[in-house]
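This report concerns only the one structure given below.
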There are 4 protein chains.
Amino acid sequence: MNHILLIDCPDRKGLIFTITQIVFGANLNITSNDEFVDRQRNHFFLRAELAGEVQPPHLVAQLQAVLPPEAHIRLVPERKKDIVVLVTKEHHCIGDLLLRHEYGDLNANLLAVVGNYAELETLVARFNIPFHFITHEGKTREAHDAEMAQAIQAYNPEYVVLAKYMRVLNPQFVEQFPNRIINIHHSFLPAFIGANPYKQAFERGVKIIGATAHFVNNELDEGPIIAQNVIQVNHAQSARDMAQAGRDVEKIVLAQALKLVFSEKVFVNNNKTIIF
Amino acid sequence: MNHILLIDCPDRKGLIFTITQIVFGANLNITSNDEFVDRQRNHFFLRAELAGEVQPPHLVAQLQAVLPPEAHIRLVPERKKDIVVLVTKEHHCIGDLLLRHEYGDLNANLLAVVGNYAELETLVARFNIPFHFITHEGKTREAHDAEMAQAIQAYNPEYVVLAKYMRVLNPQFVEQFPNRIINIHHSFLPAFIGANPYKQAFERGVKIIGATAHFVNNELDEGPIIAQNVIQVNHAQSARDMAQAGRDVEKIVLAQALKLVFSEKVFVNNNKTIIF
Amino acid sequence: MNHILLIDCPDRKGLIFTITQIVFGANLNITSNDEFVDRQRNHFFLRAELAGEVQPPHLVAQLQAVLPPEAHIRLVPERKKDIVVLVTKEHHCIGDLLLRHEYGDLNANLLAVVGNYAELETLVARFNIPFHFITHEGKTREAHDAEMAQAIQAYNPEYVVLAKYMRVLNPQFVEQFPNRIINIHHSFLPAFIGANPYKQAFERGVKIIGATAHFVNNELDEGPIIAQNVIQVNHAQSARDMAQAGRDVEKIVLAQALKLVFSEKVFVNNNKTIIF
Amino acid sequence: MNHILLIDCPDRKGLIFTITQIVFGANLNITSNDEFVDRQRNHFFLRAELAGEVQPPHLVAQLQAVLPPEAHIRLVPERKKDIVVLVTKEHHCIGDLLLRHEYGDLNANLLAVVGNYAELETLVARFNIPFHFITHEGKTREAHDAEMAQAIQAYNPEYVVLAKYMRVLNPQFVEQFPNRIINIHHSFLPAFIGANPYKQAFERGVKIIGATAHFVNNELDEGPIIAQNVIQVNHAQSARDMAQAGRDVEKIVLAQALKLVFSEKVFVNNNKTIIF
């Protein structure tokens with residue numbers, strides 16, 4: 001099984017040589033290799049795909065011995081990620097994910113869908129994926145989020161995907177999944193932060209609208225951006241027309257972001273991403 | 001000479017019939033026709049290109065007689081607009097406009113360039129266009145803007161184009177040219193309003209940057225948007241790289257917006273535009 | 001119920017006046033209106049949305065009385081179209097159409113899916129749409145096409161959609177549905193006509209790939225183009241990677257084209273389309 | 001002065017280690033590094049930016065000693081390229097290049113412009129660049145091309161840029177500049193190869209047009225593609241309108257391609273390019 005080696009550490013001369021020496025010594029072949037140095041932070045990032053008989057703990061130990069002590073070293077097998085998806089009422093993103101999952105295009109095991117409304121239960125059931133309906137009605141945000149978290153944690157997912165989950169998650173929830181929650185926001189962030197971005201876009205009279213997939217942190221719509229895309233609109237389109245046109249962008253951008261994250265091609269570097 | 005008929009008025013049934021009846025009665029041919037109704041305001045907009053022997057005052061009077069009294073009716077000959085361009089130090093937009101003007105692609109007579117720095121005088125002189133250097137140093141904004149306005153008004157331009165003029169214009173200046181000042185802003189508005197948008201974009205870690213051409217009113221970067229476009233960027237690009245990449249978008253978007261405005265294809269509808 | 005009026009005829013002065021006079025006389029309101037004149041053919045095209053008490057046969061007769069005898073006049077109610085979809089093995093386009101149909105986003109009644117393979121039967125059944133498996137094995141093209149046509153005609157559809165139906169249809173089939181068969185081709189036509197366009201694109205080393213939705217006529221991949229879109233690719237992508245990346249473009253372009261056709265926004269003008 | 005190291009050779013295990021070992025031993029810092037392996041050809045490509053005291057002949061000799069004998073090793077200083085530009089009558093590409101050159105944005109020394117018509121002499125003279133008018137009238141293609149080549153070779157350029165040079169160059173000319181002639185073709189190749197691509201695009205009724213920058217070899221419009229881009233068009237645009245709209249794409253795509261080539265970011269790999 002192929003492995004992906006992910007390293008980030010303070011930059012210094014000779015890092016690529018140091019790392020590839022260990023890899024070559026372990027008789028492994030690097031089939032793909034990417035590096036980036038953030039010159040502002042003087043920080044080095046490397047992603048390498050390794051073919052051959054990888055012995056993970058041994059290889060990581062060898063790398064730790066020669067790299068700076070602050071180095072983060074991850075060696076992950078190339079395999080599907082376990083995910084849980086959160087939804088509210090809109091079908092387009094979850095529908096697209098269900099289809100991709102069904103046909104092996106998602107690079108993930110979609111373990112369950114959790115919704116704060118019951119609307120999407122039928123759709124999810126058609127693809128034989130468990131659906132959990134956890135209403136927020138009559139509950140505090142904290143109580144509801146805790147109930148959601150419990151349902152999610154039962155599946156022990158590597159990532160939580162917000163496929164048009166239309167509620168803000170509280171800090172206790174977010175902290176359980178650091179850089180492991182991915183959201184699709186229906187605007188070209190940082191334009192139109194917050195509620196009703198299509199209405200805001202219509203009222204401002206923009207000629208282009210977009211969507212943004214990002215990791216969720218505790219600042220609303222402020223997490224590291226993974227992918228963005230846009231389409232042109234015009235004066236003849238209502239806010240509702242823009243929302244409809246935006247759906248296709250949303251589902252495609254979310255799928256692109258998930259593909260990148262699930263392939264271990266995304267480093268979070270402070271509040272930004274590095275995409276290899 | 002062909003004419004363009006521009007009408008906006010409260011909507012009511014039969015407006016197209018009413019208008020085309022007059023046009024047909026005047027023995028004119030409509031070679032192109034566009035209408036739009038803003039359903040929120042219940043307001044009608046029409047742009048028609050007329051071929052034939054147009055008698056402007058007579059035709060407008062005939063239309064006034066049959067249209068609602070609030071109707072705005074304009075009948076303009078198809079000809080180049082007179083413009084003055086304002087610049088600071090950056091060459092890419094003014095350079096592009098000078099080339100288009102030289103080869104008849106701008107649909108305008110570029111009467112003069114006014115700069116608050118002298119840097120671009122040589123470039124402008126190469127194309128035999130008058131350049132006025134009016135420094136802002138040692139002057140209040142009001143005094144400088146008044147001096148600029150005086151220099152501009154001497155040319156009696158129909159439009160003032162801000163081709164990377166990097167100063168805010170005061171209300172007295174703006175009011176002299178209502179919906180006749182066109183600016184290119186170096187971001188995808190409303191993202192990154194204000195100073196240093198490329199630095200803001202870099203720091204936010206966006207994956208797409210853009211440019212926005214808009215009419216100038218007294219709210220900074222809030223005027224009606226005419227045209228926008230974007231390009232993809234990535235983590236490896238510095239704020240400076242983004243600025244460089246953005247220049248091509250800026251010059252193309254500005255030229256697109258000017259082409260639309262100078263062809264009388266843009267209605268301002270409250271704080272938005274209708275583009276036919 | 002609103003109606004859409006579609007007229008094309010040889011151009012002459014006063015056509016808009018002539019038409020809107022009849023419409024106004026019938027006490028109808030034009031809520032949207034588009035015209036185009038093909039100057040090469042000197043041919044006029046109009047699409048108007050009419051609100052009010054439309055009396056179709058009477059209105060068409062009135063229009064016929066005043067328009068040139070060659071005029072094509074259609075007056076269609078604003079309602080969903082009846083369609084049948086043809087597939088082979090690929091799931092992405094039919095999956096997307098099934099989701100849109102399920103949630104009322106397709107502006108069509110998807111009556112049945114017909115496949116020359118059985119692979120997609122399960123998916124289609126999940127959405128409770130009839131699936132007809134009609135193998136081409138052991139049959140001549142003519143015999144197979146005739147069998148397909150018979151199955152399709154039983155539903156009396158207004159449009160036949162080829163959602164990655166990977167066989168050429170013979171002229172007898174095509175002639176049964178003139179300008180009523182819509183295909184999605186997996187290249188940016190006219191580049192890479194014929195088989196394996198992604199392989200062709202990979203071998204040519206293009207930097208952009210695309211998809212084309214078009215009406216089917218009897219010249220392979222030569223019918224009138226309705227919609228096209230593209231995405232960027234690079235040297236690191238194999239033909240297979242390009243095919244995977246292209247799927248999202250294919251499904252979005254097909255959906256865009258269907259939305260335009262089903263809203264009666266597409267005129268076929270010789271071998272080209274006019275899109276209002 | 002920084003240097004760029006460019007290596008391509010048959011792939012084998014440990015190449016990155018082998019190369020970085022030499023670089024590290026020479027006390028150089030790799031500030032940017034890209035690799036690619038063409039799996040079909042089993043061929044390895046590397047581009048590295050080196051900071052430090054580079055001793056070119058010594059470093060290359062060290063690398064040759066450890067790399068496969070078929071390896072191509074180039075070590076080039078980071079500096080502007082010397083170029084000559086060929087033109088016919090159209091101004092938009094050469095105008096854009098002159099502006100970029102004037103302001104140091106082209107990463108090249110534009111030594112001279114050679115035209116087979118005299119139209120652009122005035123424009124070029126405004127930027128104080130030598131212009132050579134070499135008419136093709138009354139000459140065989142071979143004689144004209146030989147005269148052009150002689151004028152060009154006098155400047156000893158590293159690259160020849162065809163900025164809308166509208167004549168086919170004969171093989172003797174092309175062979176003098178292998179992978180060193182860059183052309184901008186006014187279509188989205190391989191669509192609309194040959195003459196009048198905008199007319200072809202208009203007649204086919206495409207919804208998107210484009211431009212392609214490519215190296216020139218002896219098959220017309222078949223050389224390795226460097227960059228492509230597109231814009232949307234519609235039924236209302238004539239072939240002439242499309243040509244006008246296409247000009248902006250042409251000039252931007254050509255500039256993008258030149259930036260890539262002049263930064264040594266382009267490998268030619270058989271008839272395709274690898275862009276780092």
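A note on labels: chains of the structure tokens are A, B, ... as shown, every chain counts residues from 1, and ligands are counted from 1 in their shown order.
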- Message: Residues of chain C were defined as contacting chain D if any atom lay at most 7 Å from it, counting only C-alpha atoms; please report them as an NGL selection string.
- Response: :C and (190-191 or 204-208 or 225 or 227-228 or 235 or 272-274)
For the selection just defined, write its residues with N, CA and C atoms to a file, as a PDB file, in the first residue's frame.
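What landed in part_13.pdb:
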ATOM      1  N   PRO C 190     -15.592  22.291 -31.781  1.00  0.00           N
ATOM      2  CA  PRO C 190     -15.304  21.160 -32.656  1.00  0.00           C
ATOM      3  C   PRO C 190     -13.951  20.498 -32.388  1.00  0.00           C
ATOM      4  N   ALA C 191     -13.315  20.762 -31.277  1.00  0.00           N
ATOM      5  CA  ALA C 191     -12.078  20.037 -30.980  1.00  0.00           C
ATOM      6  C   ALA C 191     -12.437  18.607 -30.584  1.00  0.00           C
ATOM      7  N   ARG C 204      -2.751  15.527 -27.200  1.00  0.00           N
ATOM      8  CA  ARG C 204      -2.427  16.827 -27.802  1.00  0.00           C
ATOM      9  C   ARG C 204      -1.792  17.772 -26.780  1.00  0.00           C
ATOM     10  N   GLY C 205      -1.962  17.452 -25.484  1.00  0.00           N
ATOM     11  CA  GLY C 205      -1.362  18.302 -24.456  1.00  0.00           C
ATOM     12  C   GLY C 205      -2.055  19.626 -24.267  1.00  0.00           C
ATOM     13  N   VAL C 206      -3.386  19.641 -24.415  1.00  0.00           N
ATOM     14  CA  VAL C 206      -4.122  20.896 -24.213  1.00  0.00           C
ATOM     15  C   VAL C 206      -4.107  21.288 -22.737  1.00  0.00           C
ATOM     16  N   LYS C 207      -4.332  22.570 -22.479  1.00  0.00           N
ATOM     17  CA  LYS C 207      -4.326  23.098 -21.119  1.00  0.00           C
ATOM     18  C   LYS C 207      -5.745  23.353 -20.610  1.00  0.00           C
ATOM     19  N   ILE C 208      -6.723  23.150 -21.475  1.00  0.00           N
ATOM     20  CA  ILE C 208      -8.131  23.355 -21.122  1.00  0.00           C
ATOM     21  C   ILE C 208      -8.933  22.249 -21.789  1.00  0.00           C
ATOM     22  N   ILE C 225     -24.981  23.901 -31.454  1.00  0.00           N
ATOM     23  CA  ILE C 225     -24.452  23.940 -30.092  1.00  0.00           C
ATOM     24  C   ILE C 225     -25.353  24.796 -29.204  1.00  0.00           C
ATOM     25  N   ALA C 227     -24.807  24.867 -25.399  1.00  0.00           N
ATOM     26  CA  ALA C 227     -24.011  25.384 -24.278  1.00  0.00           C
ATOM     27  C   ALA C 227     -22.667  24.681 -24.249  1.00  0.00           C
ATOM     28  N   GLN C 228     -21.654  25.413 -23.791  1.00  0.00           N
ATOM     29  CA  GLN C 228     -20.307  24.859 -23.654  1.00  0.00           C
ATOM     30  C   GLN C 228     -19.667  25.419 -22.400  1.00  0.00           C
ATOM     31  N   HIS C 235      -0.217  19.127 -17.202  1.00  0.00           N
ATOM     32  CA  HIS C 235       0.596  18.009 -17.681  1.00  0.00           C
ATOM     33  C   HIS C 235       0.564  16.809 -16.738  1.00  0.00           C
ATOM     34  N   LYS C 272     -27.061  26.691 -36.210  1.00  0.00           N
ATOM     35  CA  LYS C 272     -26.628  27.374 -35.006  1.00  0.00           C
ATOM     36  C   LYS C 272     -27.830  27.611 -34.104  1.00  0.00           C
ATOM     37  N   THR C 273     -27.552  28.032 -32.886  1.00  0.00           N
ATOM     38  CA  THR C 273     -28.657  28.358 -31.998  1.00  0.00           C
ATOM     39  C   THR C 273     -28.645  29.841 -31.657  1.00  0.00           C
ATOM     40  N   ILE C 274     -29.823  30.352 -31.371  1.00  0.00           N
ATOM     41  CA  ILE C 274     -29.991  31.666 -30.770  1.00  0.00           C
ATOM     42  C   ILE C 274     -30.488  31.410 -29.359  1.00  0.00           C
TER      43      ILE C 274
END
- Item | Spatial neighbours of His58 in chain A, max dist 12 Å, only C-alpha atoms, sep filter under 6 positions, as a ChimeraX atom specification | /A:22-23,26,64-65,75
Could you please take those selected residues and save all heavy atoms as a compact mmCIF listing (two decimals), in the first residue's frame?
# COMPACT_ATOMS: atom_id res chain seq x y z
N ILE A 22 16.76 9.66 3.88
CA ILE A 22 16.09 8.65 4.72
C ILE A 22 15.18 7.78 3.86
O ILE A 22 15.18 6.55 3.96
CB ILE A 22 15.27 9.34 5.84
CG1 ILE A 22 16.15 10.18 6.75
CG2 ILE A 22 14.46 8.30 6.62
CD1 ILE A 22 17.02 9.42 7.70
N VAL A 23 14.43 8.42 2.98
CA VAL A 23 13.47 7.69 2.15
C VAL A 23 14.21 6.73 1.21
O VAL A 23 13.81 5.57 1.05
CB VAL A 23 12.59 8.69 1.34
CG1 VAL A 23 11.75 7.96 0.31
CG2 VAL A 23 11.71 9.50 2.29
N ALA A 26 15.52 3.76 2.97
CA ALA A 26 14.47 2.79 3.30
C ALA A 26 14.01 2.03 2.07
O ALA A 26 13.04 1.27 2.12
CB ALA A 26 13.29 3.50 3.96
N GLN A 64 12.40 11.82 12.47
CA GLN A 64 12.45 12.67 13.67
C GLN A 64 13.89 12.88 14.14
O GLN A 64 14.25 13.95 14.62
CB GLN A 64 11.64 12.02 14.80
CG GLN A 64 10.15 12.38 14.73
CD GLN A 64 9.31 11.57 15.69
OE1 GLN A 64 9.67 10.45 16.04
NE2 GLN A 64 8.18 12.15 16.09
N ALA A 65 14.69 11.85 13.96
CA ALA A 65 16.08 11.92 14.45
C ALA A 65 16.90 12.96 13.70
O ALA A 65 17.87 13.50 14.24
CB ALA A 65 16.73 10.54 14.33
N LEU A 75 2.67 10.15 8.44
CA LEU A 75 2.84 9.15 7.38
C LEU A 75 1.53 8.38 7.32
O LEU A 75 1.22 7.59 8.21
CB LEU A 75 4.01 8.22 7.74
CG LEU A 75 4.41 7.20 6.68
CD1 LEU A 75 4.88 7.88 5.40
CD2 LEU A 75 5.54 6.33 7.21
- Backbone DSSP call of strand (DSSP E) for range 64-205 of chain A, listed as a PyMOL selection string: chain A and resi 72-77+81-87+108-115+131-133+159-162+181-185
- May I have all residues of range 8-245 of chain C that DSSP, computed from the backbone, assigns to helix (DSSP H, G or I), given as number ranges by chain? C: 15-25, 56-66, 92-102, 121-126, 141-153, 171-176, 197-204, 239-245
